[in-house]
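Peer 1: Data: start07.cif, mmCIF, C-alpha atoms.
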data_protein
#
loop_
_atom_site.group_PDB
_atom_site.id
_atom_site.type_symbol
_atom_site.label_atom_id
_atom_site.label_comp_id
_atom_site.auth_asym_id
_atom_site.auth_seq_id
_atom_site.Cartn_x
_atom_site.Cartn_y
_atom_site.Cartn_z
ATOM 1 C CA MET A 1 43.934 30.606 54.384
ATOM 2 C CA THR A 2 40.519 32.217 54.072
ATOM 3 C CA ARG A 3 41.137 34.084 57.279
ATOM 4 C CA THR A 4 44.456 35.448 55.949
ATOM 5 C CA ILE A 5 42.817 36.612 52.720
ATOM 6 C CA ALA A 6 40.010 38.311 54.671
ATOM 7 C CA LEU A 7 42.573 40.028 56.910
ATOM 8 C CA LEU A 8 44.603 41.227 53.905
ATOM 9 C CA ALA A 9 41.430 42.485 52.204
ATOM 10 C CA ALA A 10 40.401 44.403 55.335
ATOM 11 C CA MET A 11 43.886 45.968 55.660
ATOM 12 C CA THR A 12 43.891 46.949 51.975
ATOM 13 C CA ALA A 13 40.433 48.528 52.281
ATOM 14 C CA THR A 14 41.534 50.429 55.388
ATOM 15 C CA LEU A 15 44.628 51.774 53.619
ATOM 16 C CA LEU A 16 42.614 52.797 50.553
ATOM 17 C CA MET A 17 40.039 54.670 52.666
ATOM 18 C CA ALA A 18 42.783 56.434 54.602
ATOM 19 C CA GLY A 19 44.299 57.551 51.297
ATOM 20 C CA CYS A 20 40.963 59.079 50.233
ATOM 21 C CA GLN A 21 40.666 61.309 53.273
ATOM 22 C CA ARG A 22 41.586 64.959 52.796
ATOM 23 C CA GLU A 23 44.592 65.813 54.890
ATOM 24 C CA THR A 24 44.412 69.239 56.416
ATOM 25 C CA GLY A 25 47.650 71.079 56.116
ATOM 26 C CA PRO A 26 48.695 74.444 57.426
ATOM 27 C CA ASP A 27 46.353 77.364 56.798
ATOM 28 C CA PRO A 28 47.269 79.315 53.647
ATOM 29 C CA LEU A 29 46.734 82.797 55.165
ATOM 30 C CA LYS A 30 47.562 84.427 58.486
ATOM 31 C CA LEU A 31 45.762 87.492 59.862
ATOM 32 C CA THR A 32 48.404 90.190 60.346
ATOM 33 C CA GLY A 33 46.366 93.363 60.867
ATOM 34 C CA LYS A 34 42.864 94.706 61.412
ATOM 35 C CA MET A 35 41.575 98.225 61.987
ATOM 36 C CA PHE A 36 39.134 100.902 60.962
ATOM 37 C CA VAL A 37 40.411 103.580 58.599
ATOM 38 C CA PHE A 38 38.825 107.012 59.020
ATOM 39 C CA ASN A 39 39.489 109.322 56.069
ATOM 40 C CA TYR A 40 38.496 112.704 57.454
ATOM 41 C CA ARG A 41 39.312 114.571 54.224
ATOM 42 C CA LEU A 42 36.800 112.504 52.241
ATOM 43 C CA ALA A 43 34.461 111.814 55.210
ATOM 44 C CA TYR A 44 34.296 108.025 55.031
ATOM 45 C CA ALA A 45 35.405 105.028 57.066
ATOM 46 C CA THR A 46 36.268 101.454 56.083
ATOM 47 C CA TYR A 47 37.466 98.213 57.618
ATOM 48 C CA MET A 48 41.071 97.338 56.684
ATOM 49 C CA ILE A 49 42.256 93.731 57.046
ATOM 50 C CA THR A 50 45.750 92.524 56.141
ATOM 51 C CA LEU A 51 46.802 88.910 55.663
ATOM 52 C CA SER A 52 50.108 87.223 54.869
ATOM 53 C CA LYS A 53 50.318 84.170 52.650
ATOM 54 C CA LEU A 54 51.886 81.236 54.510
ATOM 55 C CA GLU A 55 51.219 78.501 51.970
ATOM 56 C CA PRO A 56 50.567 78.481 48.215
ATOM 57 C CA VAL A 57 46.930 78.371 47.130
ATOM 58 C CA PRO A 58 45.604 76.784 43.935
ATOM 59 C CA GLU A 59 45.316 79.035 40.871
ATOM 60 C CA GLY A 60 41.841 80.584 40.798
ATOM 61 C CA SER A 61 41.397 80.731 44.588
ATOM 62 C CA ILE A 62 39.526 83.646 46.120
ATOM 63 C CA VAL A 63 39.049 85.253 49.505
ATOM 64 C CA VAL A 64 35.572 86.383 50.619
ATOM 65 C CA ALA A 65 35.347 88.811 53.543
ATOM 66 C CA THR A 66 32.069 89.466 55.337
ATOM 67 C CA PHE A 67 31.963 92.586 57.506
ATOM 68 C CA GLU A 68 29.327 93.381 60.128
ATOM 69 C CA ASN A 69 27.489 96.531 59.061
ATOM 70 C CA PRO A 70 27.860 99.071 61.913
ATOM 71 C CA ALA A 71 24.740 100.900 60.653
ATOM 72 C CA GLY A 72 22.749 97.657 60.944
ATOM 73 C CA GLY A 73 21.186 95.659 58.157
ATOM 74 C CA GLU A 74 22.837 93.150 55.866
ATOM 75 C CA PRO A 75 26.563 92.430 56.267
ATOM 76 C CA LEU A 76 28.922 93.911 53.685
ATOM 77 C CA THR A 77 30.874 91.477 51.501
ATOM 78 C CA LEU A 78 34.030 91.751 49.471
ATOM 79 C CA THR A 79 35.486 89.133 47.105
ATOM 80 C CA ARG A 80 39.097 89.232 45.911
ATOM 81 C CA LYS A 81 41.123 86.903 43.728
ATOM 82 C CA LEU A 82 44.282 85.503 45.323
ATOM 83 C CA PHE A 83 47.364 85.862 43.141
ATOM 84 C CA ALA A 84 50.157 83.287 43.444
ATOM 85 C CA LYS A 85 53.003 85.825 43.450
ATOM 86 C CA LEU A 86 51.529 88.225 46.011
ATOM 87 C CA GLU A 87 52.602 87.450 49.569
ATOM 88 C CA LYS A 88 50.268 90.037 51.177
ATOM 89 C CA VAL A 89 46.495 90.354 50.886
ATOM 90 C CA VAL A 90 44.798 93.653 51.765
ATOM 91 C CA LEU A 91 41.025 93.751 52.147
ATOM 92 C CA GLU A 92 39.243 97.102 52.412
ATOM 93 C CA SER A 93 35.492 97.068 52.956
ATOM 94 C CA PRO A 94 32.982 99.272 51.188
ATOM 95 C CA ASP A 95 32.380 102.593 52.982
ATOM 96 C CA ILE A 96 30.700 102.248 56.370
ATOM 97 C CA THR A 97 28.912 104.536 58.823
ATOM 98 C CA CYS A 98 27.904 104.477 62.505
ATOM 99 C CA VAL A 99 31.134 102.990 63.944
ATOM 100 C CA LYS A 100 30.994 103.166 67.743
ATOM 101 C CA LYS A 101 34.008 103.394 70.047
ATOM 102 C CA GLU A 102 35.035 100.204 71.881
ATOM 103 C CA ARG A 103 32.345 98.041 70.240
ATOM 104 C CA PRO A 104 33.678 94.872 68.549
ATOM 105 C CA TYR A 105 32.386 94.297 64.994
ATOM 106 C CA ALA A 106 32.486 90.789 63.484
ATOM 107 C CA VAL A 107 34.528 89.939 60.386
ATOM 108 C CA THR A 108 34.674 86.529 58.672
ATOM 109 C CA ILE A 109 37.287 85.746 56.036
ATOM 110 C CA GLU A 110 36.866 82.635 53.875
ATOM 111 C CA VAL A 111 39.549 81.295 51.556
ATOM 112 C CA LYS A 112 37.967 79.259 48.759
ATOM 113 C CA GLY A 113 39.588 77.084 46.139
ATOM 114 C CA PRO A 114 38.851 77.306 42.408
ATOM 115 C CA ALA A 115 35.868 74.924 42.711
ATOM 116 C CA GLY A 116 34.433 76.893 45.646
ATOM 117 C CA GLN A 117 35.660 74.459 48.295
ATOM 118 C CA ALA A 118 36.555 75.988 51.680
ATOM 119 C CA LEU A 119 40.299 76.044 52.319
ATOM 120 C CA GLN A 120 40.270 78.197 55.455
ATOM 121 C CA THR A 121 37.941 80.343 57.587
ATOM 122 C CA ILE A 122 39.120 83.136 59.873
ATOM 123 C CA GLU A 123 36.703 84.755 62.318
ATOM 124 C CA THR A 124 37.753 87.915 64.146
ATOM 125 C CA THR A 125 36.472 91.242 65.419
ATOM 126 C CA VAL A 126 37.586 94.815 64.813
ATOM 127 C CA THR A 127 37.204 97.482 67.491
ATOM 128 C CA SER A 128 37.599 101.237 67.037
ATOM 129 C CA ASP A 129 39.099 103.579 69.605
ATOM 130 C CA ILE A 130 36.960 106.508 68.368
ATOM 131 C CA ASP A 131 33.337 107.079 67.355
ATOM 132 C CA GLN A 132 32.645 107.904 63.742
ATOM 133 C CA ASP A 133 30.812 111.055 64.829
ATOM 134 C CA MET A 134 34.294 112.616 65.100
ATOM 135 C CA MET A 135 34.295 112.664 61.286
ATOM 136 C CA PRO A 136 33.002 115.569 59.226
ATOM 137 C CA ALA A 137 29.493 115.124 57.792
ATOM 138 C CA LYS A 138 30.680 116.076 54.287
ATOM 139 C CA ALA A 139 33.958 115.616 52.450
ATOM 140 C CA LEU A 140 36.315 118.514 53.120
ATOM 141 C CA VAL A 141 37.892 118.215 49.675
ATOM 142 C CA GLU A 142 36.814 117.110 46.227
ATOM 143 C CA GLY A 143 38.392 116.158 42.939
ATOM 144 C CA PRO A 144 41.850 114.843 42.097
ATOM 145 C CA ALA A 145 43.564 118.053 43.288
ATOM 146 C CA TYR A 146 41.840 117.954 46.699
ATOM 147 C CA ASP A 147 40.155 121.296 46.133
ATOM 148 C CA LYS A 148 38.147 122.684 49.053
ATOM 149 C CA ASN A 149 34.569 121.433 48.974
ATOM 150 C CA PRO A 150 32.376 124.503 48.342
ATOM 151 C CA ALA A 151 29.538 122.866 50.311
ATOM 152 C CA VAL A 152 31.774 123.070 53.409
ATOM 153 C CA PHE A 153 33.991 126.081 52.740
ATOM 154 C CA ARG A 154 31.645 128.974 51.905
ATOM 155 C CA ASP A 155 33.451 131.656 49.886
ATOM 156 C CA GLY A 156 36.659 129.671 50.454
ATOM 157 C CA LYS A 157 36.489 130.158 54.232
ATOM 158 C CA ALA A 158 36.246 127.450 56.844
ATOM 159 C CA PRO A 159 33.070 127.421 58.926
ATOM 160 C CA GLU A 160 33.294 128.333 62.592
ATOM 161 C CA HIS A 161 32.208 124.757 63.455
ATOM 162 C CA PHE A 162 32.321 121.760 61.151
ATOM 163 C CA GLU A 163 29.167 119.653 60.994
ATOM 164 C CA THR A 164 30.004 116.122 62.166
ATOM 165 C CA ALA A 165 28.722 112.776 60.910
ATOM 166 C CA LYS A 166 25.485 111.549 62.425
ATOM 167 C CA CYS A 167 24.258 108.002 62.660
ATOM 168 C CA PRO A 168 20.574 107.603 61.809
ATOM 169 C CA THR A 169 18.733 106.171 64.775
#
So that I can check it, write out the structure of this file as structure tokens.
Peer 2:
Amino acid sequence: MTRTIALLAAMTATLLMAGCQRETGPDPLKLTGKMFVFNYRLAYATYMITLSKLEPVPEGSIVVATFENPAGGEPLTLTRKLFAKLEKVVLESPDITCVKKERPYAVTIEVKGPAGQALQTIETTVTSDIDQDMMPAKALVEGPAYDKNPAVFRDGKAPEHFETAKCPT
């Protein structure tokens, strides 16, 4: 009898502990796109990451993206709130410089629940097919009407050669 009670107690304890374990379900987001965006009119570049929502996330969840800084130094971070009704998530980094052709740059995307708990981590790289030195050094336009930038277009005329972006060495 004692042996049966001990066996039942052990089985109950095992079932209770199994019920306390966090079950990992499907990831809530799927990486659907990654690239560099070069805006030659405004002379800046950014990372652009797109994600699709596969599973619902708890209200108050966020996504934190960490981008390798092509110019060196500290990584760039971006935090966005995840909204329940939006099926797509678009992450655009702060402006970057010194992007080199065919060099992979690291990106980490963390999905965090309302209490800060990790729900998912995505690690990837983004590679450009052009160097950033193809970009103009200064914005070609300014203002909401995209007026010609007087620092580039002297007397309204285009220079013979546009100065291109340089990466500090």
Peer 1: With all atoms listed in the file as the basis for distance, which of A:Thr125, A:Thr66, A:Gln120, A:Thr79 is at the shortest distance from Leu29 (chain A)?
Peer 2: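 For Leu29 (chain A), the nearest of the candidates is A:Gln120.
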Peer 1: Wanna dump the region 70-132 of chain A-region 56-63 of chain A contacts at 8 Å for me, each residue with its shortest atom pair and the distance in Å to one decimal, counting only C-alpha atoms, ordered by chain and number, as a tab-separated table?
Peer 2:
residue	atom	partner	partner_atom	distance
A:Thr79	CA	A:Val63	CA	5.8
A:Arg80	CA	A:Val63	CA	5.4
A:Lys81	CA	A:Ile62	CA	4.3
A:Leu82	CA	A:Ile62	CA	5.2
A:Phe83	CA	A:Glu59	CA	7.5
A:Ala84	CA	A:Pro56	CA	6.8
A:Ile109	CA	A:Val63	CA	6.8
A:Glu110	CA	A:Val63	CA	5.5
A:Val111	CA	A:Val63	CA	4.5
A:Lys112	CA	A:Ile62	CA	5.4
A:Gly113	CA	A:Ser61	CA	4.4
A:Pro114	CA	A:Gly60	CA	4.7
Peer 1: Hey, what comes out of the PyMOL selection byres ((chain A and resi 89) around 8) on this file? Could you write it as a VMD selection string?
Peer 2: chain A and resid 50 to 53 82 86 to 88 90 to 91
Peer 1: Select from region 49-141 of chain A every residue with an atom at most 12 Å from any atom of region 157-160 of chain A, then for each give the shortest pair of atoms and their distance in Å to one decimal, using all atoms listed in the file, rows by chain and rising number, as a tab-separated table.
Peer 2:
residue	atom	partner	partner_atom	distance
A:Pro136	CA	A:Pro159	CA	11.9
A:Leu140	CA	A:Ala158	CA	9.7
A:Val141	CA	A:Ala158	CA	11.8
Peer 1: For the structure provided, state which residues fall under the PyMOL selection byres ((chain A and resi 135) around 7), and present them as an mmCIF file with C-alpha atoms, in the frame of the given file.
Peer 2:
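The resulting out.cif:
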data_model
loop_
_atom_site.group_PDB
_atom_site.id
_atom_site.type_symbol
_atom_site.label_atom_id
_atom_site.label_comp_id
_atom_site.auth_asym_id
_atom_site.auth_seq_id
_atom_site.Cartn_x
_atom_site.Cartn_y
_atom_site.Cartn_z
ATOM 1 C CA TYR A 40 38.496 112.704 57.454
ATOM 2 C CA ALA A 43 34.461 111.814 55.210
ATOM 3 C CA GLN A 132 32.645 107.904 63.742
ATOM 4 C CA ASP A 133 30.812 111.055 64.829
ATOM 5 C CA MET A 134 34.294 112.616 65.100
ATOM 6 C CA PRO A 136 33.002 115.569 59.226
ATOM 7 C CA ALA A 137 29.493 115.124 57.792
ATOM 8 C CA THR A 164 30.004 116.122 62.166
ATOM 9 C CA ALA A 165 28.722 112.776 60.910
#
Peer 1: When the PyMOL selection byres ((chain A and resi 98) around 7) is applied to the file above, which residues end up in the set, as a PyMOL selection string?
Peer 2: chain A and resi 70-71+97+99-100+132+167
Peer 1: Mind writing the picked residues with C-alpha atoms as an mmCIF file, keeping the file's coordinate frame?
Peer 2:
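Heads up, here's the output in selection01.cif:
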data_model
loop_
_atom_site.group_PDB
_atom_site.id
_atom_site.type_symbol
_atom_site.label_atom_id
_atom_site.label_comp_id
_atom_site.auth_asym_id
_atom_site.auth_seq_id
_atom_site.Cartn_x
_atom_site.Cartn_y
_atom_site.Cartn_z
ATOM 1 C CA PRO A 70 27.860 99.071 61.913
ATOM 2 C CA ALA A 71 24.740 100.900 60.653
ATOM 3 C CA THR A 97 28.912 104.536 58.823
ATOM 4 C CA VAL A 99 31.134 102.990 63.944
ATOM 5 C CA LYS A 100 30.994 103.166 67.743
ATOM 6 C CA GLN A 132 32.645 107.904 63.742
ATOM 7 C CA CYS A 167 24.258 108.002 62.660
#
Peer 1: Measure the distance from CA of Leu119 (chain A) to CA of Pro26 (chain A) in Å and round it to one decimal.
Peer 2: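 The value is 10.0 Å.
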Peer 1: Tell me which of A:Gly33, A:Pro150, A:Pro104, A:Gly73 sits closest to Glu92 (chain A), counting all atoms listed in the file.
Peer 2: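 Distance minimum relative to Glu92 (chain A) lands on A:Gly33.
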Peer 1: I'd like to know which of A:Asp129, A:Asp155, A:Glu123, A:Glu55 is closest to Pro28 (chain A), using all atoms listed in the file.
Peer 2: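 Of A:Asp129, A:Asp155, A:Glu123, A:Glu55, the one nearest Pro28 (chain A), counting all atoms listed in the file, is A:Glu55.
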Peer 1: Emit as lines of an AutoDock Vina configuration file the padded axis-aligned box for all listed atoms of region 97-110 of chain A, 5 Å per side, with centre and edge lengths in Å to one decimal.
Peer 2:
center_x = 32.6
center_y = 93.6
center_z = 62.9
size_x = 19.4
size_y = 31.9
size_z = 28.0
Peer 1: Of the candidates A:Asn39, A:Gln117, A:Thr32, A:Thr124, which one gets nearest to Ala65 (chain A) if we count all atoms listed in the file?
Peer 2: A:Thr124
Peer 1: One decimal, in Å: what's the spacing between CA of Glu68 (chain A) and CA of Lys30 (chain A)?
Peer 2: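 According to the coordinates, CA of Glu68 (chain A) and CA of Lys30 (chain A) are separated by 20.4 Å.
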Peer 1: To one decimal place, how far is CA of Thr108 (chain A) from CA of Phe67 (chain A) in Å?
Peer 2: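 Separation between CA of Thr108 (chain A) and CA of Phe67 (chain A): 6.7 Å.
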Peer 1: Would you be able to write out as a list in words which residues have an atom within 8 Å of (39.6, 117.8, 53.0) in the file's coordinates, counting all atoms listed in the file?
Peer 2: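 In the file's frame, the residues around the point are Tyr40, Arg41, Leu42, Ala139, Leu140, Val141, Glu142, Tyr146, Asp147, Lys148 and Asn149 of chain A.
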Peer 1: Using only C-alpha atoms, which residue out of A:Ile122, A:Ala106, A:Ala115, A:Leu78 lies closest to Leu31 (chain A)?
Peer 2: A:Ile122
Peer 1: Rank nothing, just name the residue among A:Leu76, A:Val126, A:Lys85, A:Ala118 nearest to Tyr105 (chain A), using only C-alpha atoms.
Peer 2: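 Looking at the shortest contact to Tyr105 (chain A), the residue is A:Val126.
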